[in-house]
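Raw my_file_21.csv, CSV, C-alpha atoms:
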chain,number,residue,atom,x,y,z
A,18,SER,CA,-0.4,4.7,-2.4
A,19,ASN,CA,1.7,7.6,-1.2
A,20,THR,CA,0.5,9.9,-4.0
A,21,LEU,CA,-3.1,10.7,-2.9
A,22,GLU,CA,-1.7,13.4,-0.6
A,23,ARG,CA,1.9,13.9,-1.5
A,24,SER,CA,4.4,14.0,1.3
A,25,PHE,CA,7.3,11.8,0.0
A,26,PRO,CA,9.9,13.3,-2.4
A,27,ARG,CA,8.9,13.0,-6.1
A,28,GLY,CA,10.5,9.7,-7.3
A,29,PHE,CA,9.6,7.8,-4.1
A,30,ASP,CA,6.0,7.4,-5.4
A,31,PHE,CA,4.4,4.0,-5.0
A,32,GLU,CA,0.9,2.6,-5.7
A,33,VAL,CA,-0.1,-1.0,-4.9
A,34,PHE,CA,-3.1,-2.6,-6.5
A,35,SER,CA,-4.3,-6.2,-6.9
A,36,PHE,CA,-3.8,-8.1,-10.1
A,37,GLU,CA,-7.6,-8.1,-10.4
A,38,ALA,CA,-7.9,-4.4,-10.1
A,39,LEU,CA,-5.2,-3.9,-12.8
A,40,THR,CA,-6.9,-6.4,-15.1
A,41,GLU,CA,-10.2,-4.5,-14.6
A,42,ALA,CA,-8.5,-1.2,-15.5
A,43,ALA,CA,-6.8,-2.7,-18.6
A,44,THR,CA,-10.1,-4.1,-19.7
A,45,ASN,CA,-12.4,-1.1,-19.0
A,46,ALA,CA,-10.3,2.1,-19.2
A,47,VAL,CA,-10.9,4.0,-22.5
A,48,ASP,CA,-9.5,7.4,-21.9
A,49,PRO,CA,-6.0,7.8,-23.3
A,50,ALA,CA,-4.6,9.0,-20.0
A,51,GLN,CA,-6.2,6.1,-18.2
A,52,ARG,CA,-4.7,3.7,-20.7
A,53,GLU,CA,-1.3,5.2,-20.4
A,54,HIS,CA,-1.1,5.4,-16.6
A,55,VAL,CA,-3.7,2.8,-15.5
A,56,THR,CA,-4.1,4.2,-11.9
A,57,PRO,CA,-6.4,7.1,-12.8
A,58,TYR,CA,-9.0,4.6,-13.9
A,59,LEU,CA,-8.7,2.9,-10.5
A,60,TYR,CA,-8.8,6.2,-8.6
A,61,SER,CA,-12.1,7.1,-10.4
A,62,ASN,CA,-13.6,4.0,-8.7
A,63,GLU,CA,-16.0,3.5,-11.5
A,64,ALA,CA,-16.8,0.0,-10.4
A,65,GLY,CA,-17.5,1.2,-6.9
A,66,HIS,CA,-15.3,-1.3,-5.0
A,67,MET,CA,-12.0,0.5,-4.8
A,68,HIS,CA,-10.7,1.4,-1.3
A,69,LEU,CA,-7.8,3.8,-1.4
A,70,ARG,CA,-5.4,4.4,1.4
A,71,ASN,CA,-2.7,7.0,1.6
A,72,ILE,CA,0.6,6.4,3.3
A,73,ALA,CA,2.3,9.7,4.3
A,74,TRP,CA,5.8,10.7,5.3
A,75,PRO,CA,5.8,12.2,8.8
A,76,GLU,CA,6.7,15.7,7.4
A,77,ASP,CA,5.9,17.0,3.9
A,78,ARG,CA,9.0,16.5,1.7
A,79,SER,CA,7.1,16.6,-1.6
A,80,ASP,CA,9.2,19.6,-2.7
A,81,TYR,CA,12.2,17.4,-3.2
A,82,ARG,CA,12.8,15.6,-6.5
A,83,VAL,CA,14.7,12.4,-6.7
A,84,THR,CA,13.5,11.3,-10.1
A,85,LEU,CA,15.1,11.5,-13.5
A,86,ASP,CA,13.3,13.7,-16.1
A,87,THR,CA,15.6,16.6,-16.7
A,88,PRO,CA,19.4,17.3,-16.8
A,89,GLU,CA,18.9,19.1,-13.4
A,90,ASP,CA,17.4,15.9,-12.0
A,91,LEU,CA,20.5,14.0,-13.2
A,92,ASP,CA,22.8,16.5,-11.4
A,93,VAL,CA,20.9,15.9,-8.1
A,94,ILE,CA,21.0,12.1,-8.5
A,95,ARG,CA,24.7,12.1,-9.5
A,96,SER,CA,25.6,14.2,-6.5
A,97,LEU,CA,23.5,12.1,-4.1
A,98,ILE,CA,25.3,8.9,-5.4
A,99,GLU,CA,28.8,10.3,-5.7
A,100,ASP,CA,29.0,12.8,-2.8
A,101,HIS,CA,26.4,11.5,-0.3
A,102,ALA,CA,26.5,7.6,-0.7
A,103,ALA,CA,22.9,7.4,-1.8
A,104,LEU,CA,23.3,3.8,-2.9
A,105,THR,CA,23.6,3.0,0.8
A,106,LEU,CA,20.7,5.2,2.0
A,107,ASP,CA,17.0,4.6,2.5
A,108,CYS,CA,14.4,7.3,1.9
A,109,ALA,CA,15.0,8.9,5.3
A,110,GLY,CA,18.8,9.1,4.6
A,111,ILE,CA,18.2,10.7,1.2
A,112,ILE,CA,15.8,13.2,2.6
A,113,ASP,CA,18.4,14.0,5.3
A,114,ALA,CA,21.1,14.5,2.7
A,115,LEU,CA,18.8,17.0,0.8
A,116,GLU,CA,17.9,18.8,4.0
A,117,ARG,CA,21.6,19.2,5.0
A,118,ASN,CA,22.5,20.4,1.5
A,119,PRO,CA,19.9,23.0,0.4
A,120,ASP,CA,22.0,24.0,-2.6
A,121,LEU,CA,21.7,20.5,-3.9
A,122,ALA,CA,18.0,20.3,-3.4
A,123,ALA,CA,17.6,23.7,-5.1
A,124,LEU,CA,19.2,22.4,-8.4
A,125,ASN,CA,15.9,20.9,-9.6
A,126,ARG,CA,13.4,22.6,-7.3
A,127,HIS,CA,12.1,24.7,-10.3
A,128,VAL,CA,11.2,21.6,-12.4
A,129,GLU,CA,7.5,21.1,-12.7
A,130,GLN,CA,6.3,17.5,-12.9
A,131,LYS,CA,4.5,16.7,-16.2
A,132,LYS,CA,0.7,16.6,-15.5
A,133,LEU,CA,-1.4,13.6,-16.4
A,134,GLY,CA,-2.4,13.8,-20.1
A,135,GLU,CA,0.5,16.1,-21.2

Please, can you express the file's structure as structure tokens?
Amino acid sequence: SNTLERSFPRGFDFEVFSFEALTEAATNAVDPAQREHVTPYLYSNEAGHMHLRNIAWPEDRSDYRVTLDTPEDLDVIRSLIEDHAALTLDCAGIIDALERNPDLAALNRHVEQKKLGE
């Protein structure tokens, strides 16, 4: 996962679990938030056999948002695609575009990500 200690831009989140772990969570999770998102059950390590590993970006870029939840997010994504060729860029290229264009990155900086269970 790259979400245990955030360093990637929001929207570049990933979590990888085995089919067996996901089946265990689907079978045993009872809390509504655990049922909706699955991974909180796995993070709680109730079965005692989960080994979590964080993958970090070299520098903290977790203040950037490249996800689509609000109209401001859409403005950022549209600009990245139309003005900065984001369809041809990898994560590093998108981060670079945001760093070179602080006004663009500021468009959705105020947006707070919905918390688990909200």

Could you tell me how far CA of Trp74 (chain A) sits from CA of Ser24 (chain A), in Å to one decimal place?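 Result for CA of Ser24 (chain A) versus CA of Trp74 (chain A): 5.4 Å, one decimal.
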
Spatial neighbours of Tyr60 (chain A), max dist 9 Å, all atoms listed in the file, sep filter under 5 positions, as JSON, numbers by chain: {"A": [67, 68, 69]}

What is the distance between CA of Arg23 (chain A) and CA of Thr40 (chain A), in Å to one decimal?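 Pair CA of Arg23 (chain A) / CA of Thr40 (chain A) returns 26.0 Å.
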
Take CA of Cys108 (chain A) and CA of Ser35 (chain A) and report the distance between them in Å, one decimal.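 Those two atoms sit 24.7 Å apart.
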
Calculated over all atoms listed in the file, which of the candidates A:Val55, A:Ala42, A:Ala50, A:Val83 has the smallest distance to Asp30 (chain A)? A:Val83

May I have the residues within 12 Å of Ile72 (chain A) as a compact mmCIF listing (two decimals) with C-alpha atoms, keeping the file's coordinate frame, using only C-alpha atoms and disregarding those fewer than 2 positions away in the same chain?
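New file out_21.txt:
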# COMPACT_ATOMS: atom_id res chain seq x y z
CA SER A 18 -0.40 4.70 -2.40
CA ASN A 19 1.70 7.60 -1.20
CA THR A 20 0.50 9.90 -4.00
CA LEU A 21 -3.10 10.70 -2.90
CA GLU A 22 -1.70 13.40 -0.60
CA ARG A 23 1.90 13.90 -1.50
CA SER A 24 4.40 14.00 1.30
CA PHE A 25 7.30 11.80 0.00
CA PHE A 29 9.60 7.80 -4.10
CA ASP A 30 6.00 7.40 -5.40
CA PHE A 31 4.40 4.00 -5.00
CA GLU A 32 0.90 2.60 -5.70
CA VAL A 33 -0.10 -1.00 -4.90
CA LEU A 69 -7.80 3.80 -1.40
CA ARG A 70 -5.40 4.40 1.40
CA TRP A 74 5.80 10.70 5.30
CA PRO A 75 5.80 12.20 8.80
CA GLU A 76 6.70 15.70 7.40
CA ASP A 77 5.90 17.00 3.90

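The shortest atom-to-atom distance to Glu89 (chain A), with all atoms listed in the file taken into account, belongs to A:Leu121 out of A:Leu121, A:Ala46, A:Ala38, A:Ile112.
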
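Closest approach to Val128 (chain A) among A:Ala73, A:Leu85, A:Leu39, A:Ile94: A:Leu85, based on all atoms listed in the file.
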
With a distance cut-off of 12 Å and all atoms listed in the file, select the neighbouring residues of Asp90 (chain A), excluding the residue or stretch itself and same-chain residues fewer than 5 positions from it, and output the selection as a list in words.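 In the requested format, the answer is Arg27, Gly28, Tyr81, Arg82, Val83, Thr84, Leu85, Arg95, Ser96, Leu97, Leu121, Ala122, Ala123, Leu124, Asn125, Arg126, His127, Val128, Glu129 and Gln130 of chain A.
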
When you count only C-alpha atoms, which of these residues is closest to His101 (chain A): A:Ser79, A:Asn71, A:Thr44, A:Asn118?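 Of A:Ser79, A:Asn71, A:Thr44, A:Asn118, the one nearest His101 (chain A) is A:Asn118, counting only C-alpha atoms.
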
Residue contacts of Ile98 (chain A) (12 Å, all atoms listed in the file) excluding same-chain residues fewer than 6 positions away, as a list in words: Val83, Leu91, Asp92, Leu104, Thr105, Leu106, Gly110, Ile111 and Ala114 of chain A

Write out the residues from the selection above, keeping C-alpha atoms, as a CSV table (one decimal), in the coordinates of the input.
chain,number,residue,atom,x,y,z
A,83,VAL,CA,14.7,12.4,-6.7
A,91,LEU,CA,20.5,14.0,-13.2
A,92,ASP,CA,22.8,16.5,-11.4
A,104,LEU,CA,23.3,3.8,-2.9
A,105,THR,CA,23.6,3.0,0.8
A,106,LEU,CA,20.7,5.2,2.0
A,110,GLY,CA,18.8,9.1,4.6
A,111,ILE,CA,18.2,10.7,1.2
A,114,ALA,CA,21.1,14.5,2.7

Given all atoms listed in the file as the basis, pick out the residue of A:Leu59, A:Val93, A:Ala109, A:Ala103 nearest to Ala43 (chain A).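 The closest residue to Ala43 (chain A) is A:Leu59.
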
Dump of chain A from preceding block, C-alpha atoms, as a CSV table (one decimal), in the first residue's frame:
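Resulting contents of result_27.csv:
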chain,number,residue,atom,x,y,z
A,18,SER,CA,0.0,0.0,0.0
A,19,ASN,CA,1.0,3.6,-0.4
A,20,THR,CA,-1.7,4.8,2.0
A,21,LEU,CA,-0.2,3.8,5.4
A,22,GLU,CA,1.9,6.9,5.4
A,23,ARG,CA,0.7,9.2,2.6
A,24,SER,CA,3.3,10.6,0.3
A,25,PHE,CA,1.7,10.1,-3.2
A,26,PRO,CA,-0.9,12.6,-4.5
A,27,ARG,CA,-4.4,11.7,-3.5
A,28,GLY,CA,-5.8,9.7,-6.5
A,29,PHE,CA,-2.6,7.6,-6.9
A,30,ASP,CA,-3.6,5.4,-3.9
A,31,PHE,CA,-3.1,1.7,-4.2
A,32,GLU,CA,-3.5,-1.3,-1.9
A,33,VAL,CA,-2.7,-4.8,-2.9
A,34,PHE,CA,-4.0,-7.8,-1.0
A,35,SER,CA,-4.3,-11.5,-1.8
A,36,PHE,CA,-7.6,-13.0,-2.8
A,37,GLU,CA,-7.6,-15.0,0.4
A,38,ALA,CA,-7.2,-11.8,2.5
A,39,LEU,CA,-10.1,-10.1,0.7
A,40,THR,CA,-12.2,-13.2,1.1
A,41,GLU,CA,-11.5,-13.2,4.8
A,42,ALA,CA,-12.5,-9.6,5.1
A,43,ALA,CA,-15.7,-10.2,3.1
A,44,THR,CA,-16.6,-13.1,5.4
A,45,ASN,CA,-15.6,-11.6,8.7
A,46,ALA,CA,-16.0,-7.8,8.6
A,47,VAL,CA,-19.2,-6.6,10.3
A,48,ASP,CA,-18.6,-2.9,10.8
A,49,PRO,CA,-20.3,-0.9,8.1
A,50,ALA,CA,-17.1,1.1,7.2
A,51,GLN,CA,-15.2,-2.2,7.0
A,52,ARG,CA,-18.0,-3.7,4.7
A,53,GLU,CA,-17.9,-0.6,2.5
A,54,HIS,CA,-14.1,-0.2,2.1
A,55,VAL,CA,-12.8,-3.7,3.0
A,56,THR,CA,-9.2,-2.7,3.8
A,57,PRO,CA,-9.9,-1.2,7.3
A,58,TYR,CA,-10.7,-4.8,8.3
A,59,LEU,CA,-7.4,-6.0,6.9
A,60,TYR,CA,-5.5,-3.1,8.5
A,61,SER,CA,-7.0,-4.0,11.9
A,62,ASN,CA,-5.2,-7.4,11.5
A,63,GLU,CA,-7.8,-9.2,13.6
A,64,ALA,CA,-6.7,-12.6,12.4
A,65,GLY,CA,-3.1,-11.7,13.3
A,66,HIS,CA,-1.4,-12.7,10.1
A,67,MET,CA,-1.5,-9.5,8.0
A,68,HIS,CA,1.9,-8.0,7.2
A,69,LEU,CA,1.5,-4.5,5.9
A,70,ARG,CA,4.2,-2.6,3.9
A,71,ASN,CA,4.2,1.0,2.9
A,72,ILE,CA,5.6,2.2,-0.4
A,73,ALA,CA,6.5,5.9,-0.3
A,74,TRP,CA,7.1,8.5,-2.9
A,75,PRO,CA,10.7,10.0,-2.4
A,76,GLU,CA,9.2,13.4,-1.3
A,77,ASP,CA,5.9,14.0,0.3
A,78,ARG,CA,3.4,15.1,-2.4
A,79,SER,CA,0.3,14.1,-0.5
A,80,ASP,CA,-1.0,17.7,-0.7
A,81,TYR,CA,-1.8,17.3,-4.4
A,82,ARG,CA,-5.2,15.9,-5.5
A,83,VAL,CA,-5.5,14.0,-8.7
A,84,THR,CA,-8.9,12.5,-8.0
A,85,LEU,CA,-12.4,13.3,-9.0
A,86,ASP,CA,-14.8,14.1,-6.1
A,87,THR,CA,-15.5,17.8,-6.7
A,88,PRO,CA,-15.9,20.4,-9.5
A,89,GLU,CA,-12.5,21.8,-8.5
A,90,ASP,CA,-11.0,18.3,-8.9
A,91,LEU,CA,-12.5,18.1,-12.4
A,92,ASP,CA,-10.9,21.5,-13.3
A,93,VAL,CA,-7.5,20.2,-12.2
A,94,ILE,CA,-7.9,16.9,-14.2
A,95,ARG,CA,-9.2,18.7,-17.3
A,96,SER,CA,-6.3,21.1,-17.2
A,97,LEU,CA,-3.8,18.3,-16.7
A,98,ILE,CA,-5.2,16.5,-19.7
A,99,GLU,CA,-5.8,19.4,-22.0
A,100,ASP,CA,-2.9,21.7,-21.1
A,101,HIS,CA,-0.2,19.4,-19.8
A,102,ALA,CA,-0.7,16.1,-21.8
A,103,ALA,CA,-1.4,14.1,-18.7
A,104,LEU,CA,-2.6,11.1,-20.8
A,105,THR,CA,1.1,10.6,-21.8
A,106,LEU,CA,2.5,11.2,-18.3
A,107,ASP,CA,3.3,8.9,-15.4
A,108,CYS,CA,3.0,9.8,-11.7
A,109,ALA,CA,6.3,11.7,-11.7
A,110,GLY,CA,5.3,13.7,-14.8
A,111,ILE,CA,2.0,14.7,-13.3
A,112,ILE,CA,3.7,15.7,-10.0
A,113,ASP,CA,6.1,17.7,-12.1
A,114,ALA,CA,3.3,19.5,-13.9
A,115,LEU,CA,1.6,20.4,-10.6
A,116,GLU,CA,4.9,21.6,-9.2
A,117,ARG,CA,5.6,23.8,-12.3
A,118,ASN,CA,2.0,25.1,-12.1
A,119,PRO,CA,1.2,26.1,-8.5
A,120,ASP,CA,-1.9,27.9,-9.5
A,121,LEU,CA,-3.3,24.7,-11.0
A,122,ALA,CA,-2.4,22.7,-7.9
A,123,ALA,CA,-4.1,25.4,-5.7
A,124,LEU,CA,-7.5,24.9,-7.4
A,125,ASN,CA,-8.4,21.9,-5.3
A,126,ARG,CA,-5.9,22.2,-2.4
A,127,HIS,CA,-8.7,23.3,0.0
A,128,VAL,CA,-10.8,20.1,-0.7
A,129,GLU,CA,-10.8,17.8,2.3
A,130,GLN,CA,-11.0,14.1,1.6
A,131,LYS,CA,-14.0,12.4,3.0
A,132,LYS,CA,-13.1,10.4,6.1
A,133,LEU,CA,-13.8,6.7,6.5
A,134,GLY,CA,-17.4,6.3,7.7
A,135,GLU,CA,-18.7,9.7,6.5
